file data38.pdb (PDB, C-alpha atoms)
MODEL        1
ATOM      1  CA  MET K   1       2.230   1.966  25.166
ATOM      2  CA  GLY K   2       2.605   1.557  21.420
ATOM      3  CA  LEU K   3       0.162   0.249  18.849
ATOM      4  CA  THR K   4      -2.961  -1.714  19.713
ATOM      5  CA  ILE K   5      -5.666  -3.423  17.695
ATOM      6  CA  GLY K   6      -9.356  -2.710  18.073
ATOM      7  CA  VAL K   7     -11.953  -5.259  16.997
ATOM      8  CA  ASP K   8     -15.533  -4.400  16.052
ATOM      9  CA  ILE K   9     -17.905  -7.374  15.801
ATOM     10  CA  GLY K  10     -20.671  -6.501  13.371
ATOM     11  CA  GLY K  11     -23.643  -8.467  12.141
ATOM     12  CA  THR K  12     -22.084  -9.117   8.732
ATOM     13  CA  LYS K  13     -18.371  -8.475   9.221
ATOM     14  CA  ILE K  14     -15.686  -8.391  11.887
ATOM     15  CA  ALA K  15     -13.250  -5.500  11.491
ATOM     16  CA  ALA K  16      -9.853  -5.247  13.160
ATOM     17  CA  GLY K  17      -7.713  -2.122  12.981
ATOM     18  CA  VAL K  18      -4.280  -1.061  14.159
ATOM     19  CA  VAL K  19      -4.639   2.186  16.115
ATOM     20  CA  ASP K  20      -1.945   4.512  17.423
ATOM     21  CA  GLU K  21      -2.064   6.561  20.628
ATOM     22  CA  GLU K  22      -3.604   9.547  18.820
ATOM     23  CA  GLY K  23      -6.564   7.476  17.616
ATOM     24  CA  ASN K  24      -5.358   7.134  14.012
ATOM     25  CA  ILE K  25      -6.215   3.880  12.225
ATOM     26  CA  LEU K  26      -3.086   2.673  10.455
ATOM     27  CA  SER K  27      -4.429  -0.499   8.850
ATOM     28  CA  THR K  28      -7.577  -2.608   8.855
ATOM     29  CA  PHE K  29      -8.567  -6.155   8.060
ATOM     30  CA  LYS K  30     -12.109  -7.487   7.712
ATOM     31  CA  VAL K  31     -13.609 -10.966   7.640
ATOM     32  CA  PRO K  32     -17.237 -12.125   7.329
ATOM     33  CA  THR K  33     -19.065 -12.733  10.603
ATOM     34  CA  PRO K  34     -19.725 -16.479  11.016
ATOM     35  CA  THR K  35     -22.915 -17.872  12.497
ATOM     36  CA  THR K  36     -21.569 -20.033  15.336
ATOM     37  CA  PRO K  37     -19.925 -18.774  18.559
ATOM     38  CA  GLU K  38     -16.731 -20.784  18.174
ATOM     39  CA  ALA K  39     -16.339 -19.771  14.541
ATOM     40  CA  ILE K  40     -16.670 -16.120  15.594
ATOM     41  CA  VAL K  41     -13.724 -16.556  17.954
ATOM     42  CA  ASP K  42     -11.687 -17.989  15.076
ATOM     43  CA  ALA K  43     -12.773 -15.095  12.842
ATOM     44  CA  ILE K  44     -11.705 -12.537  15.462
ATOM     45  CA  ALA K  45      -8.276 -14.179  15.626
ATOM     46  CA  SER K  46      -8.042 -14.171  11.819
ATOM     47  CA  ALA K  47      -8.934 -10.475  11.633
ATOM     48  CA  VAL K  48      -6.357  -9.618  14.315
ATOM     49  CA  GLU K  49      -3.642 -11.571  12.511
ATOM     50  CA  GLY K  50      -4.506  -9.874   9.231
ATOM     51  CA  ALA K  51      -4.399  -6.387  10.730
ATOM     52  CA  ARG K  52      -1.189  -6.859  12.706
ATOM     53  CA  ALA K  53       0.952  -7.812   9.717
ATOM     54  CA  GLY K  54       3.962  -5.494   9.637
ATOM     55  CA  HIS K  55       3.165  -3.855  12.989
ATOM     56  CA  GLU K  56       4.488  -4.346  16.509
ATOM     57  CA  ILE K  57       1.313  -4.756  18.594
ATOM     58  CA  VAL K  58       1.096  -4.596  22.387
ATOM     59  CA  GLY K  59      -2.557  -5.514  22.961
ATOM     60  CA  VAL K  60      -6.033  -6.098  21.573
ATOM     61  CA  GLY K  61      -9.375  -4.578  22.562
ATOM     62  CA  ILE K  62     -12.608  -6.273  21.479
ATOM     63  CA  GLY K  63     -15.953  -4.487  21.396
ATOM     64  CA  ALA K  64     -18.756  -6.996  21.982
ATOM     65  CA  ALA K  65     -22.495  -6.320  21.990
ATOM     66  CA  GLY K  66     -23.564  -7.731  25.329
ATOM     67  CA  TYR K  67     -22.949  -7.750  29.052
ATOM     68  CA  VAL K  68     -19.216  -7.914  29.799
ATOM     69  CA  ASN K  69     -17.844  -8.553  33.272
ATOM     70  CA  ARG K  70     -15.894  -5.939  35.170
ATOM     71  CA  GLN K  71     -12.649  -7.853  34.639
ATOM     72  CA  ARG K  72     -13.060  -7.263  30.877
ATOM     73  CA  SER K  73     -12.712 -10.955  30.134
ATOM     74  CA  THR K  74     -16.077 -12.721  29.941
ATOM     75  CA  VAL K  75     -19.259 -11.987  28.014
ATOM     76  CA  TYR K  76     -22.049 -12.780  30.444
ATOM     77  CA  PHE K  77     -24.730 -12.561  27.795
ATOM     78  CA  ALA K  78     -24.892 -11.467  24.152
ATOM     79  CA  PRO K  79     -28.287 -10.879  22.546
ATOM     80  CA  ASN K  80     -27.253 -11.667  18.963
ATOM     81  CA  ILE K  81     -24.600 -14.339  19.528
ATOM     82  CA  ASP K  82     -25.086 -17.490  21.560
ATOM     83  CA  TRP K  83     -22.518 -16.422  24.159
ATOM     84  CA  ARG K  84     -23.404 -17.226  27.781
ATOM     85  CA  ASN K  85     -20.537 -16.720  30.251
ATOM     86  CA  GLU K  86     -18.197 -16.861  27.268
ATOM     87  CA  PRO K  87     -14.477 -16.591  28.278
ATOM     88  CA  LEU K  88     -13.693 -14.521  25.187
ATOM     89  CA  LYS K  89     -10.467 -12.981  26.486
ATOM     90  CA  GLU K  90      -8.967 -16.371  27.278
ATOM     91  CA  LYS K  91      -9.951 -17.905  23.950
ATOM     92  CA  VAL K  92      -8.685 -15.068  21.767
ATOM     93  CA  GLU K  93      -5.440 -14.689  23.741
ATOM     94  CA  ALA K  94      -4.741 -18.396  23.148
ATOM     95  CA  ARG K  95      -5.084 -17.866  19.408
ATOM     96  CA  VAL K  96      -3.225 -14.566  18.902
ATOM     97  CA  GLY K  97      -0.613 -14.595  21.682
ATOM     98  CA  LEU K  98      -1.352 -11.006  22.739
ATOM     99  CA  PRO K  99      -2.978  -9.455  25.828
ATOM    100  CA  VAL K 100      -6.717  -9.026  25.164
ATOM    101  CA  VAL K 101      -9.432  -7.018  26.884
ATOM    102  CA  VAL K 102     -13.139  -7.288  26.121
ATOM    103  CA  GLU K 103     -15.394  -4.241  26.314
ATOM    104  CA  ASN K 104     -19.070  -3.630  25.735
ATOM    105  CA  ASP K 105     -19.284  -2.202  22.220
ATOM    106  CA  ALA K 106     -21.283   0.879  23.249
ATOM    107  CA  ASN K 107     -18.763   1.593  26.014
ATOM    108  CA  ALA K 108     -15.975   1.296  23.459
ATOM    109  CA  ALA K 109     -17.702   3.709  21.081
ATOM    110  CA  ALA K 110     -18.359   6.147  23.923
ATOM    111  CA  TRP K 111     -14.697   6.069  24.923
ATOM    112  CA  GLY K 112     -13.597   6.611  21.322
ATOM    113  CA  GLU K 113     -15.808   9.710  21.034
ATOM    114  CA  TYR K 114     -14.725  11.028  24.432
ATOM    115  CA  LYS K 115     -11.020  10.580  23.756
ATOM    116  CA  PHE K 116     -10.723  11.404  20.060
ATOM    117  CA  GLY K 117     -14.061  12.785  18.849
ATOM    118  CA  ALA K 118     -16.858  15.031  20.024
ATOM    119  CA  GLY K 119     -15.998  14.612  23.713
ATOM    120  CA  LYS K 120     -12.507  16.091  23.544
ATOM    121  CA  GLY K 121     -12.154  18.763  26.231
ATOM    122  CA  HIS K 122     -14.908  17.312  28.446
ATOM    123  CA  ARG K 123     -14.430  15.459  31.735
ATOM    124  CA  ASN K 124     -18.003  14.300  32.210
ATOM    125  CA  VAL K 125     -20.012  13.106  29.226
ATOM    126  CA  ILE K 126     -22.836  10.694  28.575
ATOM    127  CA  CYS K 127     -22.953   9.022  25.187
ATOM    128  CA  ILE K 128     -25.980   7.435  23.606
ATOM    129  CA  THR K 129     -26.067   5.524  20.337
ATOM    130  CA  LEU K 130     -29.296   5.772  18.375
ATOM    131  CA  GLY K 131     -29.195   2.922  15.916
ATOM    132  CA  THR K 132     -31.340  -0.148  15.459
ATOM    133  CA  GLY K 133     -31.501  -0.124  19.257
ATOM    134  CA  LEU K 134     -30.212   2.298  21.886
ATOM    135  CA  GLY K 135     -26.922   1.945  23.756
ATOM    136  CA  GLY K 136     -24.632   4.213  25.702
ATOM    137  CA  GLY K 137     -21.616   4.892  27.843
ATOM    138  CA  ILE K 138     -20.737   6.894  30.949
ATOM    139  CA  ILE K 139     -17.521   8.903  31.332
ATOM    140  CA  ILE K 140     -17.274  10.693  34.672
ATOM    141  CA  GLY K 141     -14.062  12.312  35.884
ATOM    142  CA  ASN K 142     -12.253  11.189  32.700
ATOM    143  CA  LYS K 143     -12.972   7.535  33.490
ATOM    144  CA  LEU K 144     -15.260   5.025  31.820
ATOM    145  CA  ARG K 145     -17.761   3.908  34.444
ATOM    146  CA  ARG K 146     -18.697   0.263  33.986
ATOM    147  CA  GLY K 147     -20.462  -0.307  37.306
ATOM    148  CA  HIS K 148     -19.701  -2.870  40.011
ATOM    149  CA  PHE K 149     -20.450  -5.886  37.815
ATOM    150  CA  GLY K 150     -19.373  -4.253  34.544
ATOM    151  CA  VAL K 151     -22.819  -3.891  32.981
ATOM    152  CA  ALA K 152     -23.690  -0.224  33.595
ATOM    153  CA  ALA K 153     -25.044   2.142  30.918
ATOM    154  CA  GLU K 154     -27.545  -0.261  29.360
ATOM    155  CA  PHE K 155     -29.662   2.811  28.736
ATOM    156  CA  GLY K 156     -31.808   1.209  26.081
ATOM    157  CA  HIS K 157     -33.412  -1.007  28.691
ATOM    158  CA  ILE K 158     -34.454   1.667  31.146
ATOM    159  CA  ARG K 159     -38.210   1.212  31.467
ATOM    160  CA  MET K 160     -39.740   4.418  30.169
ATOM    161  CA  VAL K 161     -43.346   3.164  29.972
ATOM    162  CA  PRO K 162     -44.717   0.764  32.620
ATOM    163  CA  ASP K 163     -46.312  -2.216  30.853
ATOM    164  CA  GLY K 164     -45.358  -0.614  27.528
ATOM    165  CA  LEU K 165     -44.198  -2.184  24.287
ATOM    166  CA  LEU K 166     -42.553  -5.595  24.524
ATOM    167  CA  CYS K 167     -38.782  -5.395  24.097
ATOM    168  CA  GLY K 168     -36.442  -8.020  22.697
ATOM    169  CA  CYS K 169     -34.827  -8.220  26.149
ATOM    170  CA  GLY K 170     -38.092  -9.667  27.529
ATOM    171  CA  SER K 171     -39.132  -6.565  29.451
ATOM    172  CA  GLN K 172     -41.781  -4.008  28.507
ATOM    173  CA  GLY K 173     -41.592  -0.283  27.868
ATOM    174  CA  CYS K 174     -37.810  -0.070  27.363
ATOM    175  CA  TRP K 175     -36.440   3.262  26.135
ATOM    176  CA  GLU K 176     -35.155   1.772  22.876
ATOM    177  CA  GLN K 177     -38.687   0.781  21.929
ATOM    178  CA  TYR K 178     -39.481   4.498  21.707
ATOM    179  CA  ALA K 179     -36.157   6.080  20.655
ATOM    180  CA  SER K 180     -34.309   4.018  18.029
ATOM    181  CA  GLY K 181     -34.231   3.272  14.332
ATOM    182  CA  ARG K 182     -36.827   0.545  14.787
ATOM    183  CA  ALA K 183     -39.102   2.960  16.641
ATOM    184  CA  LEU K 184     -38.752   5.584  13.897
ATOM    185  CA  VAL K 185     -39.853   3.118  11.211
ATOM    186  CA  ARG K 186     -42.780   1.995  13.371
ATOM    187  CA  TYR K 187     -43.935   5.593  13.864
ATOM    188  CA  ALA K 188     -43.770   6.280  10.139
ATOM    189  CA  LYS K 189     -45.652   3.128   9.175
ATOM    190  CA  GLN K 190     -48.386   3.799  11.717
ATOM    191  CA  ARG K 191     -48.843   7.397  10.596
ATOM    192  CA  ALA K 192     -48.721   6.571   6.900
ATOM    193  CA  ASN K 193     -51.333   3.886   7.410
ATOM    194  CA  ALA K 194     -53.622   6.258   9.338
ATOM    195  CA  THR K 195     -53.221   9.304   7.058
ATOM    196  CA  PRO K 196     -51.729   8.246   3.708
ATOM    197  CA  GLU K 197     -52.636  11.613   2.183
ATOM    198  CA  ARG K 198     -50.026  13.227   4.485
ATOM    199  CA  ALA K 199     -47.331  10.757   3.419
ATOM    200  CA  GLU K 200     -47.276  11.089  -0.345
ATOM    201  CA  ALA K 201     -43.554  11.752  -0.612
ATOM    202  CA  LEU K 202     -42.699   9.073   1.935
ATOM    203  CA  LEU K 203     -44.843   6.393   0.301
ATOM    204  CA  GLY K 204     -43.514   7.329  -3.116
ATOM    205  CA  LEU K 205     -39.959   6.468  -2.047
ATOM    206  CA  GLY K 206     -40.904   2.886  -1.230
ATOM    207  CA  ASP K 207     -43.370   0.493  -2.827
ATOM    208  CA  GLY K 208     -46.337   2.764  -2.208
ATOM    209  CA  THR K 209     -47.494   0.970   0.927
ATOM    210  CA  PRO K 210     -46.781   1.660   4.617
ATOM    211  CA  ASP K 211     -45.172  -1.784   4.936
ATOM    212  CA  GLY K 212     -42.588  -0.775   2.328
ATOM    213  CA  ILE K 213     -41.263   2.160   4.362
ATOM    214  CA  GLU K 214     -37.600   1.930   5.387
ATOM    215  CA  GLY K 215     -35.442   4.187   7.507
ATOM    216  CA  LYS K 216     -33.686   5.739   4.523
ATOM    217  CA  HIS K 217     -37.055   6.691   3.050
ATOM    218  CA  ILE K 218     -38.037   8.566   6.218
ATOM    219  CA  SER K 219     -34.855  10.634   6.147
ATOM    220  CA  MET K 220     -35.255  11.532   2.468
ATOM    221  CA  ALA K 221     -38.930  12.365   2.863
ATOM    222  CA  ALA K 222     -38.357  14.486   5.967
ATOM    223  CA  ARG K 223     -35.851  16.611   4.059
ATOM    224  CA  GLN K 224     -38.555  17.133   1.438
ATOM    225  CA  GLY K 225     -40.965  18.304   4.137
ATOM    226  CA  ASP K 226     -43.207  15.227   4.128
ATOM    227  CA  PRO K 227     -45.523  15.735   7.158
ATOM    228  CA  VAL K 228     -45.566  12.102   8.283
ATOM    229  CA  ALA K 229     -41.789  11.761   8.050
ATOM    230  CA  VAL K 230     -41.247  15.013   9.974
ATOM    231  CA  ASP K 231     -43.772  13.997  12.643
ATOM    232  CA  SER K 232     -42.076  10.621  13.013
ATOM    233  CA  TYR K 233     -38.748  12.276  13.732
ATOM    234  CA  ARG K 234     -40.427  14.579  16.234
ATOM    235  CA  GLU K 235     -41.956  11.609  18.049
ATOM    236  CA  LEU K 236     -38.606   9.844  18.256
ATOM    237  CA  ALA K 237     -36.996  13.088  19.457
ATOM    238  CA  ARG K 238     -39.660  13.551  22.126
ATOM    239  CA  TRP K 239     -38.730  10.242  23.702
ATOM    240  CA  ALA K 240     -34.988  10.653  23.176
ATOM    241  CA  GLY K 241     -34.978  14.100  24.788
ATOM    242  CA  ALA K 242     -37.104  12.956  27.723
ATOM    243  CA  GLY K 243     -34.622  10.165  28.396
ATOM    244  CA  LEU K 244     -31.677  12.557  28.265
ATOM    245  CA  ALA K 245     -33.424  14.760  30.826
ATOM    246  CA  ASP K 246     -33.653  11.753  33.159
ATOM    247  CA  LEU K 247     -29.964  10.972  32.606
ATOM    248  CA  ALA K 248     -29.116  14.595  33.393
ATOM    249  CA  SER K 249     -30.794  14.180  36.766
ATOM    250  CA  LEU K 250     -28.618  11.141  37.419
ATOM    251  CA  PHE K 251     -25.235  12.198  36.065
ATOM    252  CA  ASP K 252     -25.241  15.990  35.403
ATOM    253  CA  PRO K 253     -22.793  15.801  32.468
ATOM    254  CA  SER K 254     -21.390  18.771  30.597
ATOM    255  CA  ALA K 255     -22.420  17.175  27.288
ATOM    256  CA  PHE K 256     -24.479  14.424  25.746
ATOM    257  CA  ILE K 257     -22.901  12.894  22.662
ATOM    258  CA  VAL K 258     -25.404  11.341  20.283
ATOM    259  CA  GLY K 259     -24.002   8.686  17.960
ATOM    260  CA  GLY K 260     -25.333   5.753  15.999
ATOM    261  CA  GLY K 261     -26.837   5.713  12.538
ATOM    262  CA  LEU K 262     -29.567   8.229  13.335
ATOM    263  CA  SER K 263     -27.000  10.841  14.359
ATOM    264  CA  ASP K 264     -25.830  10.884  10.725
ATOM    265  CA  GLU K 265     -28.973  12.896   9.984
ATOM    266  CA  GLY K 266     -27.475  15.847  11.880
ATOM    267  CA  ASP K 267     -29.806  18.635  12.931
ATOM    268  CA  LEU K 268     -32.794  16.876  11.383
ATOM    269  CA  VAL K 269     -32.776  14.670  14.467
ATOM    270  CA  LEU K 270     -30.590  16.643  16.890
ATOM    271  CA  ASP K 271     -32.548  19.915  16.912
ATOM    272  CA  PRO K 272     -35.834  18.295  18.005
ATOM    273  CA  ILE K 273     -33.943  16.186  20.564
ATOM    274  CA  ARG K 274     -32.430  19.362  22.039
ATOM    275  CA  LYS K 275     -35.861  20.964  22.264
ATOM    276  CA  SER K 276     -37.375  17.920  23.928
ATOM    277  CA  TYR K 277     -34.451  17.626  26.341
ATOM    278  CA  LYS K 278     -34.867  21.237  27.479
ATOM    279  CA  ARG K 279     -38.631  20.760  27.703
ATOM    280  CA  TRP K 280     -38.332  17.831  30.112
ATOM    281  CA  LEU K 281     -35.232  18.914  32.063
ATOM    282  CA  VAL K 282     -36.232  19.623  35.647
ATOM    283  CA  GLY K 283     -35.480  23.258  36.456
ATOM    284  CA  GLY K 284     -34.322  23.761  32.888
ATOM    285  CA  ASN K 285     -34.944  27.503  32.932
ATOM    286  CA  TRP K 286     -32.822  27.995  36.043
ATOM    287  CA  ARG K 287     -29.862  25.656  35.691
ATOM    288  CA  PRO K 288     -26.936  25.105  33.322
ATOM    289  CA  VAL K 289     -27.971  22.925  30.397
ATOM    290  CA  ALA K 290     -25.632  20.303  28.952
ATOM    291  CA  ASP K 291     -24.814  20.487  25.266
ATOM    292  CA  VAL K 292     -26.355  17.850  22.998
ATOM    293  CA  ILE K 293     -23.796  17.260  20.253
ATOM    294  CA  ALA K 294     -23.327  14.869  17.352
ATOM    295  CA  ALA K 295     -20.705  12.160  17.460
ATOM    296  CA  GLN K 296     -17.794  12.712  15.097
ATOM    297  CA  LEU K 297     -16.151   9.336  14.519
ATOM    298  CA  GLY K 298     -19.055   7.529  12.870
ATOM    299  CA  ASN K 299     -18.681   3.771  12.617
ATOM    300  CA  LYS K 300     -14.990   4.016  13.549
ATOM    301  CA  ALA K 301     -15.737   4.960  17.165
ATOM    302  CA  GLY K 302     -16.099   1.426  18.495
ATOM    303  CA  LEU K 303     -12.923   0.130  16.879
ATOM    304  CA  VAL K 304     -10.838   3.136  17.941
ATOM    305  CA  GLY K 305     -12.296   3.106  21.451
ATOM    306  CA  ALA K 306     -11.704  -0.620  21.934
ATOM    307  CA  ALA K 307      -8.105  -0.257  20.774
ATOM    308  CA  ASP K 308      -7.454   2.620  23.164
ATOM    309  CA  LEU K 309      -9.099   0.838  26.092
ATOM    310  CA  ALA K 310      -6.608  -1.984  25.576
ATOM    311  CA  ARG K 311      -4.036   0.529  26.863
ATOM    312  CA  GLU K 312      -6.078   1.392  29.953
ATOM    313  CA  PRO K 313      -5.135  -0.325  33.231
ATOM    314  CA  ASP K 314      -7.421  -3.003  34.651
ATOM    315  CA  PRO K 315     -10.362  -1.121  36.257
ATOM    316  CA  VAL K 316     -10.814  -3.708  39.006
ATOM    317  CA  MET K 317      -9.110  -2.437  42.153
TER     318      MET K 317
ENDMDL
END

call {"tool": "encode", "arguments": {"input": "data38.pdb", "output": "structure tokens"}}
result
Amino acid sequence: MGLTIGVDIGGTKIAAGVVDEEGNILSTFKVPTPTTPEAIVDAIASAVEGARAGHEIVGVGIGAAGYVNRQRSTVYFAPNIDWRNEPLKEKVEARVGLPVVVENDANAAAWGEYKFGAGKGHRNVICITLGTGLGGGIIIGNKLRRGHFGVAAEFGHIRMVPDGLLCGCGSQGCWEQYASGRALVRYAKQRANATPERAEALLGLGDGTPDGIEGKHISMAARQGDPVAVDSYRELARWAGAGLADLASLFDPSAFIVGGGLSDEGDLVLDPIRKSYKRWLVGGNWRPVADVIAAQLGNKAGLVGAADLAREPDPVM
């Protein structure tokens, strides 16, 4: 199929990269992320043109945070960009003169990890991304499963707690309110406020107050053995593992791949997630247990996955 370009739309920058069939990034080009929807389309086209210089390109894959239709052409809804039924494929194709497919960004990252990262050798994997929120992707039988309307694997908005915490999506009790970077910071602030004497190291890394706690402080303090920081990770892991146990009942994968910024902490977060997963897995003592493994591609997964999915045939039969 030749070379394709993957596009990752971030909050501050849009990155485009030329990717070969082995998942290697040959060149990249980045532009700032504009604030208006139409300007973002122009910025995507500019990034693609910058990356393609000197390369023969056969297609473009765009990873977009939002609900993307099954035809991989329209963004039904994007939470952070004012896209509502946005014909993104059509608009970008008109600007760059190349075939374009649009993918949910978590699906793209999941595919990148499955094809070129931690999922190599597996046929059935579930990916979750633990970042500011919680996303995911489903690969069953070596195929990315998007669902009938294209919006499957919105794991972060599974309701874990009836009438629980209000979520940005408008619902209550969503999984990402309990297992995400935002949740981790909330746990740490609450615990530091209640028992500041147990959070000396954690508070010392910020401005000395619970409100000054940031995610990076929690990681550093946990590695120093700070009780509040360690307990905060355990609370996040309790919810993350419980959710994986539910997904195991649905999909029975051979592995769960955990990506996103929190996965960069390695066993600090993964070991307690594994323990929680086994604790809540129905019949866990008497059945095969899927591996819980760290993603390998880091922030490149979405770009590489989107580029490779541009080579995949249209999933609509």

call {"tool": "residues_around", "arguments": {"input": "data38.pdb", "residues": "Glu103 of chain K", "least_positions_apart": "3", "cutoff": "6 Å", "atoms": "only C-alpha atoms", "output": "list in words"}}
result
Ile62, Gly63 and Arg72 of chain K

call {"tool": "axis_aligned_box", "arguments": {"input": "data38.pdb", "around": "segment 22-36 of chain K", "padding_each_side": "6 Å", "output": "AutoDock Vina command-line options"}}
result
--center_x -13.0 --center_y -5.2 --center_z 13.1 --size_x 31.8 --size_y 41.6 --size_z 23.5

call {"tool": "residues_around", "arguments": {"input": "data38.pdb", "residues": "Thr132 of chain K", "least_positions_apart": "4", "cutoff": "8 Å", "atoms": "only C-alpha atoms", "output": "ChimeraX atom specification"}}
result
/K:180-182,261

call {"tool": "atom_distance", "arguments": {"input": "data38.pdb", "atom1": "atom CA of Ala290 of chain K", "atom2": "atom CA of Ile139 of chain K"}}
result
14.2 Å

call {"tool": "resolve_selection", "arguments": {"input": "data38.pdb", "expression": "the PyMOL selection byres ((chain K and resi 51) around 9)", "output": "number ranges by chain"}}
result
K: 5, 15-18, 27-30, 46-50, 52-55

call {"tool": "resolve_selection", "arguments": {"input": "data38.pdb", "expression": "the PyMOL selection byres ((chain K and resi 135) around 9)", "output": "list in words"}}
result
Asp105, Ala106, Asn107, Cys127, Ile128, Thr129, Leu130, Gly131, Gly133, Leu134, Gly136, Gly137, Ala153, Glu154, Phe155, Gly156, His157, Glu176 and Gly260 of chain K

call {"tool": "residues_around", "arguments": {"input": "data38.pdb", "residues": "Gln177 of chain K", "least_positions_apart": "4", "cutoff": "7 Å", "atoms": "only C-alpha atoms", "output": "MDAnalysis selection string"}}
result
chainID K and resid 165 167 173 183

call {"tool": "resolve_selection", "arguments": {"input": "data38.pdb", "expression": "the PyMOL selection byres ((chain K and resi 262-268) around 12)", "output": "ChimeraX atom specification"}}
result
/K:127-134,179-185,215-216,218-225,229-234,236-237,240,257-261,269-275,292-299

call {"tool": "build_atoms", "arguments": {"input": "data38.pdb", "residues": "segment 121-141 of chain K", "atoms": "N, CA and C atoms", "output": "PDB file, in the frame of the given file"}}
result
ATOM      1  N   GLY K 121     -12.026  17.565  25.423  1.00  0.00           N
ATOM      2  CA  GLY K 121     -12.154  18.763  26.231  1.00  0.00           C
ATOM      3  C   GLY K 121     -13.167  18.643  27.350  1.00  0.00           C
ATOM      4  N   HIS K 122     -13.927  17.544  27.382  1.00  0.00           N
ATOM      5  CA  HIS K 122     -14.908  17.312  28.446  1.00  0.00           C
ATOM      6  C   HIS K 122     -14.374  16.271  29.439  1.00  0.00           C
ATOM      7  N   ARG K 123     -14.759  16.446  30.696  1.00  0.00           N
ATOM      8  CA  ARG K 123     -14.430  15.459  31.735  1.00  0.00           C
ATOM      9  C   ARG K 123     -15.603  14.539  32.041  1.00  0.00           C
ATOM     10  N   ASN K 124     -16.807  15.041  31.824  1.00  0.00           N
ATOM     11  CA  ASN K 124     -18.003  14.300  32.210  1.00  0.00           C
ATOM     12  C   ASN K 124     -18.991  14.308  31.044  1.00  0.00           C
ATOM     13  N   VAL K 125     -19.104  13.194  30.356  1.00  0.00           N
ATOM     14  CA  VAL K 125     -20.012  13.106  29.226  1.00  0.00           C
ATOM     15  C   VAL K 125     -20.809  11.803  29.299  1.00  0.00           C
ATOM     16  N   ILE K 126     -22.013  11.874  28.766  1.00  0.00           N
ATOM     17  CA  ILE K 126     -22.836  10.694  28.575  1.00  0.00           C
ATOM     18  C   ILE K 126     -23.031  10.514  27.082  1.00  0.00           C
ATOM     19  N   CYS K 127     -22.777   9.321  26.598  1.00  0.00           N
ATOM     20  CA  CYS K 127     -22.953   9.022  25.187  1.00  0.00           C
ATOM     21  C   CYS K 127     -24.154   8.105  25.008  1.00  0.00           C
ATOM     22  N   ILE K 128     -24.955   8.386  23.990  1.00  0.00           N
ATOM     23  CA  ILE K 128     -25.980   7.435  23.606  1.00  0.00           C
ATOM     24  C   ILE K 128     -25.824   7.137  22.122  1.00  0.00           C
ATOM     25  N   THR K 129     -26.111   5.911  21.735  1.00  0.00           N
ATOM     26  CA  THR K 129     -26.067   5.524  20.337  1.00  0.00           C
ATOM     27  C   THR K 129     -27.485   5.207  19.892  1.00  0.00           C
ATOM     28  N   LEU K 130     -27.970   5.982  18.932  1.00  0.00           N
ATOM     29  CA  LEU K 130     -29.296   5.772  18.375  1.00  0.00           C
ATOM     30  C   LEU K 130     -29.141   5.040  17.050  1.00  0.00           C
ATOM     31  N   GLY K 131     -29.276   3.736  17.111  1.00  0.00           N
ATOM     32  CA  GLY K 131     -29.195   2.922  15.916  1.00  0.00           C
ATOM     33  C   GLY K 131     -30.426   2.045  15.835  1.00  0.00           C
ATOM     34  N   THR K 132     -30.225   0.791  15.454  1.00  0.00           N
ATOM     35  CA  THR K 132     -31.340  -0.148  15.459  1.00  0.00           C
ATOM     36  C   THR K 132     -31.953  -0.211  16.844  1.00  0.00           C
ATOM     37  N   GLY K 133     -31.078  -0.236  17.866  1.00  0.00           N
ATOM     38  CA  GLY K 133     -31.501  -0.124  19.257  1.00  0.00           C
ATOM     39  C   GLY K 133     -30.931   1.142  19.872  1.00  0.00           C
ATOM     40  N   LEU K 134     -30.752   1.129  21.183  1.00  0.00           N
ATOM     41  CA  LEU K 134     -30.212   2.298  21.886  1.00  0.00           C
ATOM     42  C   LEU K 134     -29.205   1.815  22.923  1.00  0.00           C
ATOM     43  N   GLY K 135     -27.969   2.294  22.801  1.00  0.00           N
ATOM     44  CA  GLY K 135     -26.922   1.945  23.756  1.00  0.00           C
ATOM     45  C   GLY K 135     -26.317   3.197  24.351  1.00  0.00           C
ATOM     46  N   GLY K 136     -25.243   3.026  25.116  1.00  0.00           N
ATOM     47  CA  GLY K 136     -24.632   4.213  25.702  1.00  0.00           C
ATOM     48  C   GLY K 136     -23.380   3.921  26.489  1.00  0.00           C
ATOM     49  N   GLY K 137     -22.813   4.994  27.029  1.00  0.00           N
ATOM     50  CA  GLY K 137     -21.616   4.892  27.843  1.00  0.00           C
ATOM     51  C   GLY K 137     -21.527   6.084  28.773  1.00  0.00           C
ATOM     52  N   ILE K 138     -20.851   5.883  29.904  1.00  0.00           N
ATOM     53  CA  ILE K 138     -20.737   6.894  30.949  1.00  0.00           C
ATOM     54  C   ILE K 138     -19.260   7.205  31.168  1.00  0.00           C
ATOM     55  N   ILE K 139     -18.874   8.458  30.983  1.00  0.00           N
ATOM     56  CA  ILE K 139     -17.521   8.903  31.332  1.00  0.00           C
ATOM     57  C   ILE K 139     -17.669  10.002  32.378  1.00  0.00           C
ATOM     58  N   ILE K 140     -17.223   9.734  33.574  1.00  0.00           N
ATOM     59  CA  ILE K 140     -17.274  10.693  34.672  1.00  0.00           C
ATOM     60  C   ILE K 140     -15.868  10.840  35.240  1.00  0.00           C
ATOM     61  N   GLY K 141     -15.410  12.085  35.372  1.00  0.00           N
ATOM     62  CA  GLY K 141     -14.062  12.312  35.884  1.00  0.00           C
ATOM     63  C   GLY K 141     -12.996  11.687  35.019  1.00  0.00           C
TER      64      GLY K 141
END
